[in-house]
Amino acid sequence: MLPCGPSASSGEVICETPNNKLDKFSGTLYWKENKYLLSNQNMLLRGCVLRNTEWCFGLVIFAGPDTKLMQNSGRTKFKRTSIDRLMNTLVLWIFGFLVCMGVILAFGNAIWEYKVGARFQMYLPWDTAVDSAAFSGFLSFWSYIIILNTVVPISLYVSVEVIRLGHSYFINWDKKMYCAKRRTPAEARTTTLNEELGQVEYIFSDKTGTLTQNIMVFSKCSVHGRSYGDVQDMLGHKAELGERPEPVDFSFNPLADPRFRFWDAGLLAAVQLGNPHVHEFFRLLSLCHTVMSEEKNEGELYYKAQSPDEGALVTAARNFGFVFRARTPKTITVHELGHAITYQLLAILDFNNVRKRMSVIVRNPEGKIRLYCKGADTILLERLHPANLELASITTDHLNEYAGEGLRTLVLAYKDLEEGYYGDWAERLRRASLAPDAREDRLARLYDEVEHDMMLLGATAIEDKLQQGVPETIAILTLANIKIWVLTGDKPETAVNIGYSCKMLTDDMTEVFVVTGHTVLEVREELRKAREKMMDGSRSMGNGFSCQEKLCSSKLPSVLEAIAGEYALVINGHSLAHALEADMELEFLETACACKAVICCRVTPLQKAQVVELVKKYKKAVTLAIGDGANDVSMIKTAHIGVGISGLEGIQAVLAADYSFSQFKFLQRLLLVHGRWSYLRMCKFLCYFFYKNFAFTMVHFWFGFFCGFSAQTVYDQYFITLYNIVYTSLPVLAMGVFDQDVPEQRSMEYPKLYEPGQLNLLFNKREFFICIAQGIYTSVLMFFIPYGVFADATRGDGAQLADYQSFAVTVATSLVIVVSVQIGLDTGFWTAINHFFIWGSLAVYFAILFAMHSNGLFQMFPNQFRFVGNAQNTLAQPIVWLTIALTTVVCIMPVVAFRFLKLDLKPELSDTVRYTQLVRKKQKTQHRCMRRVGRAGSRRSGYAFSHQEGFGELIMSGKNMRLSSLALSSFTTRSSTSWIETLRKKKGGDSSNASSPSGGADKTLKV
Amino acid sequence: MTSKSREDAQHPPSRCPDNSAFKQQKLSAWQPELTPASVLSGFILIGVFCLTMGVCLILSARSVKEVQINYSDKCLNCSKLRENSSNWNTECLCSADFKLEEKIQGDVFMYYGLQNFYQNHRRYVMSRSNAQLLGRNTDIRNSNCAPFSTYRNGTPMAPCGAIANSMFNDTISLFYYTNLSTAIQVPLLKTGNSWWTDKYVKFHNPTSHNLTSAFAGTARPPYWQKPAYLLDEENERNNGYINDDFIIWMRVSAFHTFRNLHRRLSRTKQFADGLPAGNYTFRIFYNFPVSRFKGKKYLILSTVVWCGGSSLFLGIAYMVSGAVVMLAGFIITAIHLKLKKRKTYFQR
């Protein structure tokens, strides 16, 4: 039982269990013996904003994790980096290797005890428990597992976490990722994924709030063949960006919107001079729309547009003196340059996706009937009166120019209608709208008929404001070979347009495939066609291969290289639902991955996650999802790395994300600088770490063959304890935290530097084996050179030197020196801290060595510190130092030789960049900045991008905004209650019926 | 814009990261680069150094004069006798003759060498009590000396452990034949052969009014013929635990074949310059059994130079390394000149 409604009486709701279906809901409300069916129409989803009403009653059906949105957010998975997984595998391998060594040495021990040890028993009897050589071997196995366990790097995990923590702090501390406007620094919310940032191959981005600011700005227009809107300086020349003069002063207009900015004073001058074309242009903008106005106080107008584009256009007209003031179902009141004029609204020829235009038919106070139309250029230019040909061509040039700047364009036109013709047409329209069947078609035909032979007025250009630096960021990320997929809930047109304006899609692309099929077959067919076209393109390059063959192989081939030309794919939500089904997902993925850019429109949060999952599953690539809203949470959680934009849309995305910052453009720094460095550092760290542990431990293995496999350690026990935690840990940690191969600005200049991470070049199984081999090589020399020397060495004064303790000290010292030299070679960036740690470690080694071998400690614990006096005796011998020097030379020189040859013959890009820098140190490097290329691109009409069909009818019917569609609840314009009252009065009983399906809120209100 | 920045200056945003070089990863740093010049000159220099070192070492090592006698083979009868442990009480005297063609000048050291004696075995290395050897009164049952810690009746062994028990106990004297019939004993020093730290830090006798009472209540290790306090009856400072032979034995070797310093030539009278050429004989009381574990015993007379004894290993290793490094240097130079691909980015 749930308490419900304003009164104390109670009702009951029986409904389905929480689920993730956004478009379905079924339940029943029992209220005062009445039964009301509840459907999705009555539901408001979490995150929706209810407008058009000041208050309402509602009932919370699901809360918290039960809400459909949260159900959509998917499971939280434990994220691990690929390096982590590789590391775990490697550690297992090493463990296996350890067991192998143990077995070999155990067999060695058994054989030795049987052949030698048994006869040596008079000096060294077996332990009482040991009765046979085999048992001795068994014990020796465990002894060796214990003394060789340092080959399994336990401290590796701790060190890796410390390094990651350091990298996370660097991200948090980065001033260049701090947004002063929102006062938010970047934040690494997890510390476990940093190096994965250097391996990203796919970025899945939300659009609204991430790429765009969701703000539309009226930026340019073309009126009767003249273009307005370029920023001009005093002399009337086109000004460069950055040196903006003062914006146009709209103070003459008391109703102007103070936030509106326009930079071309010429347009206002034209209005004030009474240019009839300009007047008509703005009159059209003030009349032809479905915007609602609200006037809270006198002169304080608020426009509520269902799409921001329309709002921008009407606001523009408002500021230029054509103020849309109020509308009723039959009239529109406009203040034209101070004079209130009421137009009679005869018809709204509404927008839809096929028509791509909308018109209004109004009667002006003089009684003339005129049709105003705005729409997509492709559609409208065909419908112009032939007399407009010349004007149309000029306007087309302007449109091209606007499109080239990434603006959304609309063409405006009008047509005078004769009274008689209109009367006839209106009658037919009335009849058509009452027709029982094919009403839509009949209406469409009638609309089509009247929207003909129109007179061109001009064109508008609206800028969908991108977030700062989005095109540059995308361009750089694309250069870094990162594929960017946009997953948005928006309409395809909007998404494609944004794709163009942020340079994801370009006109250089061979083709942009649009998949909009509604059935499985259609989608499959469209995908197949797209692939065929790509194949054709590549075949013509003489690179034919069977597409079917490729499909069969589970590991997707990188078709990308085989494809000639650049393609892009735009896929719709319902098509995506089919494409994501098990039997088609591979086809979809292959097609999509062959494309340079992929845009998925109208996708649900869960689909976003599914797309990410798909790529994760088959491409074995690192994915990154970036978004700002609650609808991105699922994909943020699914992707290897989730990035949340801490923006205006709440903090769910940030809370679910691994990294957060407030601007999309910071992504390039996160990936190309922090990610790249993290990956580089982690790889170098791991290589070195495995190397040093093998070099350290394997010496025991070789020594085993010379000490009767008795598990005698080569080193002093304290050296074994301290080697990993004191002598060698800090220099490699410093390298892991501070190393840089190229300065940060270079990684932006040469995005290709990012590639090694994606290809996993710096640390993989091959590199691991190289490190291991180097470690083993070092251990061999580390053992056998001192062995050769010590076999029959004496001191310079004739005393003995070939004793075990001197040998131990010699090997330990040369090991510490060799690994220190090696870390010195590996460290590419010697900060003061690196110096301190490397030299400090060496100093600490000798300090501890002498302390451990000092008389004092021995006097206190004679059985623990057995090496008394060893350091000063052994290290005073020139022959010991010669041995250490020789060991160092033979261990290090091959590494130097290989590194140099690699650098010389097969330099990596980073080497080249570093070398270039070295060469040009004195020359001032040219700063390569992204040029904004003026592109004579294809025109993309931006009519009403987030526009829904049906508003015209609603306005005409006076049913205000009580729309049943849930999706609209966030878009609908809010109108004041007073406005509703007016309508109610006018419509009488009709309105109460009309409002009934408008959601649970209203229902509660009524009952 | 300006007003905003002024506002910011007045209220610095608290969350803005510090602009320190450390936090912004802009620490000044030295970035070493493997340039052709440095690498190639490095190779050549190191090669030259190694070759020079190798030549020096080889020349030095070759100037060392050394005589080595395998007396476990020469004294086969004694070896055989010692193979049976029941004969432990039977004395076996053996002599090994050798001839010096030319005299050995300078300090001459006498080593005994053992082959196949696993002094580096883990259990062997452990089997000692440093505290006991330091003269402390410790309960050696807690030490690693077992099974050579106490006798069945509870009497502790002094010194305990396998190392001490197996101490090399051949008595060796060297005779020089001034003519065919008369031999004079070559004076040999048995002190000053061990490390100073061992003699004066690591080993101490138990304190008591005399050494015999200091070792009261303990017994000699089973294989020893005489207790520790009789190791050197002539020299109080070379007796008990601080006996040089004992100290040297207790410093276990790194490998199973090793040589330990035993005696030094006392350069007096006709041996003032070293050992003159002529016939010599080692007179050995053969006590230490090695044949049971297929070991060998050697006696070595050798001089030393700055780099130790006659071992050529390090010299040859340096020569080879130097040659390889030089060669590698030349090869790398050749490759570099012929095939270099390193260019600056813009030259591509």
# chains A, B, ... in the order shown; residues from 1 in each chain; ligands from 1
call {"tool": "closest_atom_pairs", "arguments": {"of": "chain B", "to": "chain A", "cutoff": "6 Å", "atoms": "only C-alpha atoms", "output": "CSV"}}
result
residue,atom,partner,partner_atom,distance
B:Pro17,CA,A:Trp173,CA,5.0
B:Lys23,CA,A:Trp173,CA,5.7
B:Gln24,CA,A:Asp174,CA,5.7
B:Ala29,CA,A:Thr831,CA,4.3
B:Trp30,CA,A:Trp830,CA,4.8
B:Gln31,CA,A:Phe829,CA,4.9
B:Asn120,CA,A:Cys707,CA,5.5
B:His121,CA,A:Cys707,CA,5.2
B:Arg122,CA,A:Gln712,CA,4.5
B:Asn130,CA,A:Asn863,CA,5.3
B:Ala131,CA,A:Pro862,CA,5.4
B:Ser166,CA,A:Tyr123,CA,5.8
B:Asn193,CA,A:Ala799,CA,5.9
B:Thr197,CA,A:Gly869,CA,5.5
B:Val252,CA,A:Asp803,CA,5.5
B:Ser253,CA,A:Asp803,CA,3.7
B:Ala254,CA,A:Tyr804,CA,3.6
B:Asn260,CA,A:Gln800,CA,5.8
B:Leu261,CA,A:Ala799,CA,5.9
B:Phe293,CA,A:Arg119,CA,5.1
B:Val304,CA,A:Gly798,CA,6.0
B:Val305,CA,A:Gly796,CA,5.9
B:Trp306,CA,A:Gly796,CA,4.8
B:Cys307,CA,A:Ile879,CA,5.5
B:Gly308,CA,A:Gly796,CA,4.5
B:Gly309,CA,A:Thr794,CA,5.7
B:Leu314,CA,A:Val789,CA,5.9
B:Lys340,CA,A:Leu905,CA,5.4
B:Lys341,CA,A:Leu905,CA,5.2
B:Arg342,CA,A:Asp904,CA,5.3
B:Thr344,CA,A:Thr916,CA,4.5
B:Tyr345,CA,A:Thr912,CA,5.9
call {"tool": "residues_around", "arguments": {"residues": "Cys75 of chain B", "least_positions_apart": "6", "cutoff": "9 Å", "atoms": "only C-alpha atoms", "output": "PyMOL selection string"}}
result
chain B and resi 93-96+286
call {"tool": "select_by_dssp", "arguments": {"residues": "segment 476-694 of chain A", "states": "strand (DSSP E)", "output": "CSV table (one decimal) with N, CA and C atoms, in the first residue's frame"}}
result
chain,number,residue,atom,x,y,z
A,483,LYS,N,40.1,5.6,-32.7
A,483,LYS,CA,38.9,5.7,-33.4
A,483,LYS,C,37.8,6.3,-32.5
A,484,ILE,N,37.1,7.2,-32.9
A,484,ILE,CA,36.1,7.9,-32.1
A,484,ILE,C,34.7,7.5,-32.6
A,485,TRP,N,34.0,7.0,-31.7
A,485,TRP,CA,32.6,6.7,-32.0
A,485,TRP,C,31.7,7.6,-31.1
A,486,VAL,N,30.7,8.2,-31.8
A,486,VAL,CA,29.8,9.0,-31.0
A,486,VAL,C,28.5,8.2,-30.8
A,487,LEU,N,28.2,8.1,-29.6
A,487,LEU,CA,26.9,7.4,-29.2
A,487,LEU,C,26.0,8.4,-28.6
A,511,GLU,N,32.7,8.1,-48.5
A,511,GLU,CA,31.2,8.0,-48.3
A,511,GLU,C,30.8,7.9,-46.8
A,512,VAL,N,29.7,8.4,-46.6
A,512,VAL,CA,29.1,8.2,-45.2
A,512,VAL,C,27.9,7.3,-45.3
A,513,PHE,N,28.0,6.1,-44.8
A,513,PHE,CA,26.9,5.2,-44.8
A,513,PHE,C,25.9,5.5,-43.7
A,514,VAL,N,24.7,5.5,-44.1
A,514,VAL,CA,23.6,5.7,-43.1
A,514,VAL,C,22.8,4.5,-43.0
A,515,VAL,N,22.7,3.9,-41.9
A,515,VAL,CA,21.9,2.7,-41.7
A,515,VAL,C,20.7,3.1,-40.9
A,567,TYR,N,35.7,6.1,-44.8
A,567,TYR,CA,34.3,5.9,-44.8
A,567,TYR,C,33.8,6.3,-43.4
A,568,ALA,N,32.5,6.5,-43.3
A,568,ALA,CA,32.0,6.8,-42.0
A,568,ALA,C,30.6,6.1,-41.9
A,569,LEU,N,30.2,5.7,-40.8
A,569,LEU,CA,29.0,5.0,-40.6
A,569,LEU,C,28.1,5.7,-39.6
A,570,VAL,N,26.8,5.9,-40.0
A,570,VAL,CA,25.9,6.5,-39.1
A,570,VAL,C,24.8,5.4,-38.9
A,571,ILE,N,24.5,5.1,-37.7
A,571,ILE,CA,23.5,4.0,-37.5
A,571,ILE,C,22.5,4.5,-36.5
A,597,ALA,N,34.9,6.9,-38.9
A,597,ALA,CA,34.1,7.5,-37.8
A,597,ALA,C,32.8,6.8,-37.7
A,598,VAL,N,32.3,6.6,-36.6
A,598,VAL,CA,31.0,5.9,-36.4
A,598,VAL,C,30.1,6.7,-35.5
A,599,ILE,N,28.9,6.9,-36.0
A,599,ILE,CA,28.0,7.7,-35.1
A,599,ILE,C,26.7,6.8,-34.9
A,600,CYS,N,26.4,6.6,-33.7
A,600,CYS,CA,25.2,5.8,-33.4
A,600,CYS,C,24.2,6.8,-32.7
A,622,VAL,N,41.6,-1.5,-26.3
A,622,VAL,CA,41.3,-0.8,-25.1
A,622,VAL,C,40.3,0.3,-25.5
A,623,THR,N,39.2,0.3,-24.7
A,623,THR,CA,38.1,1.3,-25.0
A,623,THR,C,38.0,2.3,-23.9
A,624,LEU,N,37.6,3.5,-24.3
A,624,LEU,CA,37.4,4.6,-23.4
A,624,LEU,C,36.0,5.2,-23.7
A,625,ALA,N,35.2,5.3,-22.6
A,625,ALA,CA,33.9,6.0,-22.8
A,625,ALA,C,34.0,7.3,-22.1
A,626,ILE,N,33.4,8.3,-22.7
A,626,ILE,CA,33.4,9.6,-22.1
A,626,ILE,C,32.0,10.1,-22.2
A,627,GLY,N,31.5,10.7,-21.1
A,627,GLY,CA,30.1,11.2,-21.1
A,627,GLY,C,29.9,12.0,-19.9
A,641,ILE,N,38.0,2.1,-19.7
A,641,ILE,CA,38.2,3.3,-19.0
A,641,ILE,C,37.0,4.2,-19.1
A,642,GLY,N,36.5,4.7,-18.1
A,642,GLY,CA,35.3,5.6,-18.1
A,642,GLY,C,35.8,7.0,-17.7
A,643,VAL,N,35.4,7.9,-18.5
A,643,VAL,CA,35.7,9.3,-18.2
A,643,VAL,C,34.4,10.1,-18.0
A,644,GLY,N,34.3,10.8,-17.0
A,644,GLY,CA,33.1,11.6,-16.7
A,644,GLY,C,33.4,13.0,-16.9
A,645,ILE,N,32.5,13.7,-17.6
A,645,ILE,CA,32.7,15.2,-17.7
A,645,ILE,C,31.9,15.7,-16.6
A,659,TYR,N,38.0,8.6,-14.4
A,659,TYR,CA,38.6,9.9,-14.5
A,659,TYR,C,37.6,10.9,-14.7
A,660,SER,N,37.8,12.0,-14.2
A,660,SER,CA,36.8,13.1,-14.5
A,660,SER,C,37.5,14.4,-14.6
A,661,PHE,N,36.9,15.2,-15.6
A,661,PHE,CA,37.4,16.6,-15.7
A,661,PHE,C,36.2,17.3,-16.4
call {"tool": "atom_distance", "arguments": {"atom1": "atom CA of Ala577 of chain A", "atom2": "atom CA of Gln610 of chain A"}}
result
9.5 Å
call {"tool": "atom_distance", "arguments": {"atom1": "atom CA of Ser127 of chain B", "atom2": "atom CA of Gly102 of chain A"}}
result
23.9 Å
call {"tool": "atom_distance", "arguments": {"atom1": "atom CA of Glu581 of chain A", "atom2": "atom CA of Arg46 of chain A"}}
result
27.6 Å
call {"tool": "residues_around", "arguments": {"residues": "Asn179 of chain B", "least_positions_apart": "5", "cutoff": "10 Å", "atoms": "only C-alpha atoms", "output": "number ranges by chain"}}
result
B: 184, 278-279
call {"tool": "write_last_selection", "arguments": {"atoms": "C-alpha atoms", "output": "PDB file, in the first residue's frame"}}
result
ATOM      1  CA  ILE B 184     117.777 -28.394   6.727  1.00  0.00           C
ATOM      2  CA  GLY B 278     117.677 -27.021  -5.406  1.00  0.00           C
ATOM      3  CA  ASN B 279     116.005 -30.108  -4.027  1.00  0.00           C
TER       4      ASN B 279
END
call {"tool": "residues_around", "arguments": {"residues": "Met584 of chain A", "least_positions_apart": "2", "cutoff": "12 Å", "atoms": "only C-alpha atoms", "output": "PyMOL selection string"}}
result
chain A and resi 520-528+551+575-582+586-591+614
call {"tool": "residues_around", "arguments": {"residues": "Phe288 of chain B", "least_positions_apart": "3", "cutoff": "12 Å", "atoms": "only C-alpha atoms", "output": "PyMOL selection string"}}
result
(chain A and resi 122-123) or (chain B and resi 71-72+75+78-85+87-89+91-93+112+114+117+165-172+223-225+284-285+291-293+295-298)
call {"tool": "select_by_dssp", "arguments": {"residues": "segment 141-196 of chain B", "states": "helix (DSSP H, G or I)", "output": "list in words"}}
result
Arg141, Asn142, Ala162, Ile163, Ala164, Asn165 and Trp196 of chain B
call {"tool": "write_last_selection", "arguments": {"atoms": "N, CA, C and O atoms", "output": "PDB file, in the first residue's frame"}}
result
ATOM      1  N   ARG B 141      73.946 -26.329  22.164  1.00  0.00           N
ATOM      2  CA  ARG B 141      72.902 -27.234  21.680  1.00  0.00           C
ATOM      3  C   ARG B 141      71.871 -26.477  20.849  1.00  0.00           C
ATOM      4  O   ARG B 141      71.181 -27.038  20.020  1.00  0.00           O
ATOM      5  N   ASN B 142      71.795 -25.158  21.098  1.00  0.00           N
ATOM      6  CA  ASN B 142      70.854 -24.353  20.313  1.00  0.00           C
ATOM      7  C   ASN B 142      71.462 -23.882  18.998  1.00  0.00           C
ATOM      8  O   ASN B 142      70.798 -23.254  18.206  1.00  0.00           O
ATOM      9  N   ALA B 162      80.520 -29.006  12.172  1.00  0.00           N
ATOM     10  CA  ALA B 162      81.155 -29.826  11.142  1.00  0.00           C
ATOM     11  C   ALA B 162      82.415 -29.169  10.602  1.00  0.00           C
ATOM     12  O   ALA B 162      83.366 -29.845  10.230  1.00  0.00           O
ATOM     13  N   ILE B 163      82.422 -27.832  10.542  1.00  0.00           N
ATOM     14  CA  ILE B 163      83.595 -27.173   9.972  1.00  0.00           C
ATOM     15  C   ILE B 163      84.811 -27.446  10.853  1.00  0.00           C
ATOM     16  O   ILE B 163      85.858 -27.919  10.399  1.00  0.00           O
ATOM     17  N   ALA B 164      84.605 -27.157  12.127  1.00  0.00           N
ATOM     18  CA  ALA B 164      85.729 -27.330  13.050  1.00  0.00           C
ATOM     19  C   ALA B 164      86.152 -28.792  13.102  1.00  0.00           C
ATOM     20  O   ALA B 164      87.358 -29.110  13.068  1.00  0.00           O
ATOM     21  N   ASN B 165      85.178 -29.667  13.149  1.00  0.00           N
ATOM     22  CA  ASN B 165      85.464 -31.095  13.254  1.00  0.00           C
ATOM     23  C   ASN B 165      86.321 -31.587  12.102  1.00  0.00           C
ATOM     24  O   ASN B 165      87.201 -32.423  12.273  1.00  0.00           O
ATOM     25  N   TRP B 196      93.199 -10.015   9.760  1.00  0.00           N
ATOM     26  CA  TRP B 196      93.316  -9.339  11.042  1.00  0.00           C
ATOM     27  C   TRP B 196      91.983  -9.368  11.790  1.00  0.00           C
ATOM     28  O   TRP B 196      91.904  -9.641  12.973  1.00  0.00           O
TER      29      TRP B 196
END
call {"tool": "decode", "arguments": {"residues": "segment 219-292 of chain B", "atoms": "C-alpha atoms", "output": "compact mmCIF listing (two decimals), in the first residue's frame"}}
result
# COMPACT_ATOMS: atom_id res chain seq x y z
CA ALA B 219 85.87 -32.02 24.78
CA ARG B 220 87.71 -31.95 21.46
CA PRO B 221 85.73 -32.63 18.33
CA PRO B 222 85.64 -36.33 17.46
CA TYR B 223 88.09 -36.13 14.55
CA TRP B 224 90.64 -34.06 16.35
CA GLN B 225 93.71 -35.71 17.75
CA LYS B 226 94.28 -33.11 20.39
CA PRO B 227 92.06 -30.56 22.11
CA ALA B 228 91.89 -26.95 20.97
CA TYR B 229 94.13 -25.67 23.73
CA LEU B 230 96.97 -27.83 22.43
CA LEU B 231 96.84 -26.59 18.84
CA ASP B 232 99.99 -24.57 19.34
CA GLU B 233 101.63 -25.25 22.62
CA GLU B 234 104.57 -22.98 21.89
CA ASN B 235 102.66 -19.80 21.24
CA GLU B 236 99.96 -18.67 23.60
CA ARG B 237 98.72 -16.17 21.01
CA ASN B 238 98.28 -18.88 18.42
CA ASN B 239 96.50 -21.38 20.55
CA GLY B 240 92.90 -22.36 21.10
CA TYR B 241 90.37 -20.64 18.91
CA ILE B 242 92.82 -18.02 17.79
CA ASN B 243 95.09 -20.54 16.17
CA ASP B 244 95.76 -19.30 12.63
CA ASP B 245 95.36 -22.70 11.02
CA PHE B 246 92.02 -23.06 12.73
CA ILE B 247 90.88 -19.55 11.80
CA ILE B 248 91.80 -20.09 8.19
CA TRP B 249 89.99 -23.39 8.09
CA MET B 250 86.93 -21.83 9.66
CA ARG B 251 86.72 -19.28 6.83
CA VAL B 252 84.92 -21.65 4.50
CA SER B 253 85.72 -21.56 0.85
CA ALA B 254 83.35 -20.54 -1.89
CA PHE B 255 83.83 -23.66 -3.96
CA HIS B 256 84.65 -27.28 -3.49
CA THR B 257 88.16 -26.85 -4.78
CA PHE B 258 90.18 -24.32 -2.92
CA ARG B 259 93.52 -23.45 -1.42
CA ASN B 260 94.15 -22.10 2.02
CA LEU B 261 97.23 -20.32 3.19
CA HIS B 262 99.13 -22.57 5.56
CA ARG B 263 102.64 -21.21 6.16
CA ARG B 264 104.81 -18.35 5.10
CA LEU B 265 108.49 -18.50 4.46
CA SER B 266 110.46 -16.92 7.25
CA ARG B 267 113.06 -15.03 5.31
CA THR B 268 116.08 -15.68 7.46
CA LYS B 269 119.63 -16.93 6.76
CA GLN B 270 119.90 -18.57 3.35
CA PHE B 271 116.19 -18.03 2.76
CA ALA B 272 116.44 -14.28 3.11
CA ASP B 273 115.87 -13.82 -0.64
CA GLY B 274 113.32 -16.56 -0.91
CA LEU B 275 113.74 -20.19 -1.72
CA PRO B 276 117.02 -20.97 -3.42
CA ALA B 277 117.05 -23.44 -6.31
CA GLY B 278 117.68 -27.02 -5.41
CA ASN B 279 116.00 -30.11 -4.03
CA TYR B 280 113.29 -29.92 -1.47
CA THR B 281 111.11 -32.37 0.28
CA PHE B 282 107.83 -32.02 2.09
CA ARG B 283 107.60 -34.18 5.16
CA ILE B 284 103.96 -34.78 5.87
CA PHE B 285 102.24 -36.45 8.77
CA TYR B 286 99.29 -37.61 6.73
CA ASN B 287 96.16 -37.36 8.89
CA PHE B 288 93.49 -35.82 6.73
CA PRO B 289 91.61 -38.43 4.69
CA VAL B 290 90.42 -37.36 1.28
CA SER B 291 90.35 -40.47 -0.83
CA ARG B 292 87.04 -41.61 0.60
